[in-house]
Amino acid sequence: MSIERLCTSGTRVCGERIVSVRLPFFVYGTLRPGEVNHDAFLRGRTSSEVPGRLDNAVLYDGPGYPYAVEDPGTVHGELVTALPDAYDDLLVALDRLEDYAPGDPRNLYERVERDVVRTADGTSVRAWVYLAAPAVATGLRVCGKLIESGDWLGRHVVRSDPAT
């Protein structure tokens, strides 16, 4: 019986063998088609980009980009499959864009595996998602601007603090 553990670097360790985990990415903000970072990071590096949704998450407006936070709700975005030859470089580029480093307490985002639903057929797909880091998520829950629709492209924000 072998025990498999997931490393934050995107590899699975199984006994003595290391297997790269090449999951698709779920993007919900500036990496979506038509948004500021899409062409710079994804153009020519993907084999597919299809609509999807992340359940059990909500979206908050940030300083020019959104944060997904795990709470009851739905976030809309795209499920992006990288071209095999582009995967490693794309993973590094997206980690850098999101200011993510495994284990760094200063992260704004954490890259985590989550189930994402492909909108067209309802299929659940395991994907990398950049979620707000715990400290960021706590602050957003207290005084963040919630995007009620869960859709960055059609954003309409409201304050989450009813006293303001």
# chains A, B, ... in the order shown; residues from 1 in each chain; ligands from 1
call {"tool": "select_by_dssp", "arguments": {"residues": "segment 4-138 of chain A", "states": "strand (DSSP E or B)", "output": "ChimeraX atom specification"}}
result
/A:4-6,11-14,17-20,25-27,46-55,58-61,66-69,74-82,109-118,124-132
call {"tool": "closest_atom_pairs", "arguments": {"of": "segment 26-57 of chain A", "to": "segment 72-76 of chain A", "cutoff": "10 Å", "atoms": "only C-alpha atoms", "output": "JSON lines"}}
result
{"residue": "A:Phe26", "atom": "CA", "partner": "A:His76", "partner_atom": "CA", "distance": 9.2}
{"residue": "A:Val27", "atom": "CA", "partner": "A:His76", "partner_atom": "CA", "distance": 8.6}
{"residue": "A:Tyr28", "atom": "CA", "partner": "A:His76", "partner_atom": "CA", "distance": 6.2}
{"residue": "A:Gly29", "atom": "CA", "partner": "A:His76", "partner_atom": "CA", "distance": 9.2}
{"residue": "A:Pro51", "atom": "CA", "partner": "A:His76", "partner_atom": "CA", "distance": 7.6}
{"residue": "A:Gly52", "atom": "CA", "partner": "A:His76", "partner_atom": "CA", "distance": 6.1}
{"residue": "A:Arg53", "atom": "CA", "partner": "A:His76", "partner_atom": "CA", "distance": 4.5}
{"residue": "A:Leu54", "atom": "CA", "partner": "A:Val75", "partner_atom": "CA", "distance": 5.1}
{"residue": "A:Asp55", "atom": "CA", "partner": "A:Thr74", "partner_atom": "CA", "distance": 4.5}
{"residue": "A:Asn56", "atom": "CA", "partner": "A:Pro72", "partner_atom": "CA", "distance": 4.6}
{"residue": "A:Ala57", "atom": "CA", "partner": "A:Gly73", "partner_atom": "CA", "distance": 5.0}
call {"tool": "select_by_dssp", "arguments": {"residues": "segment 21-152 of chain A", "states": "alpha helix (DSSP H)", "output": "ChimeraX atom specification"}}
result
/A:38-41,87-97,134-143
call {"tool": "atom_distance", "arguments": {"atom1": "atom CA of Asp85 of chain A", "atom2": "atom CA of Arg32 of chain A"}}
result
21.0 Å
call {"tool": "closest_residue", "arguments": {"among": "A:Ala132, A:Ala86, A:Ala120, A:Leu79", "to": "Arg106 of chain A", "atoms": "only C-alpha atoms"}}
result
A:Ala132
call {"tool": "closest_residue", "arguments": {"among": "A:Leu108, A:Leu131, A:Val125, A:Ala101", "to": "Leu59 of chain A", "atoms": "only C-alpha atoms"}}
result
A:Leu131
call {"tool": "residues_around", "arguments": {"residues": "Leu83 of chain A", "least_positions_apart": "6", "cutoff": "12 Å", "atoms": "only C-alpha atoms", "output": "list in words"}}
result
Arg22, Leu23, Pro24, Phe25, Leu42, Arg43, Gly44, Arg45, Thr46, Ser47, Ser48, Glu49, Asp89, Leu90 and Leu91 of chain A
call {"tool": "closest_residue", "arguments": {"among": "A:Ile147, A:Leu94, A:Val58, A:Leu153", "to": "Trp128 of chain A", "atoms": "only C-alpha atoms"}}
result
A:Leu94
call {"tool": "residues_around", "arguments": {"residues": "Asp99 of chain A", "least_positions_apart": "4", "cutoff": "8 Å", "atoms": "only C-alpha atoms", "output": "ChimeraX atom specification"}}
result
/A:95,107-109
call {"tool": "closest_residue", "arguments": {"among": "A:Tyr87, A:Val80, A:Ala133, A:Arg141", "to": "Pro102 of chain A", "atoms": "only C-alpha atoms"}}
result
A:Ala133
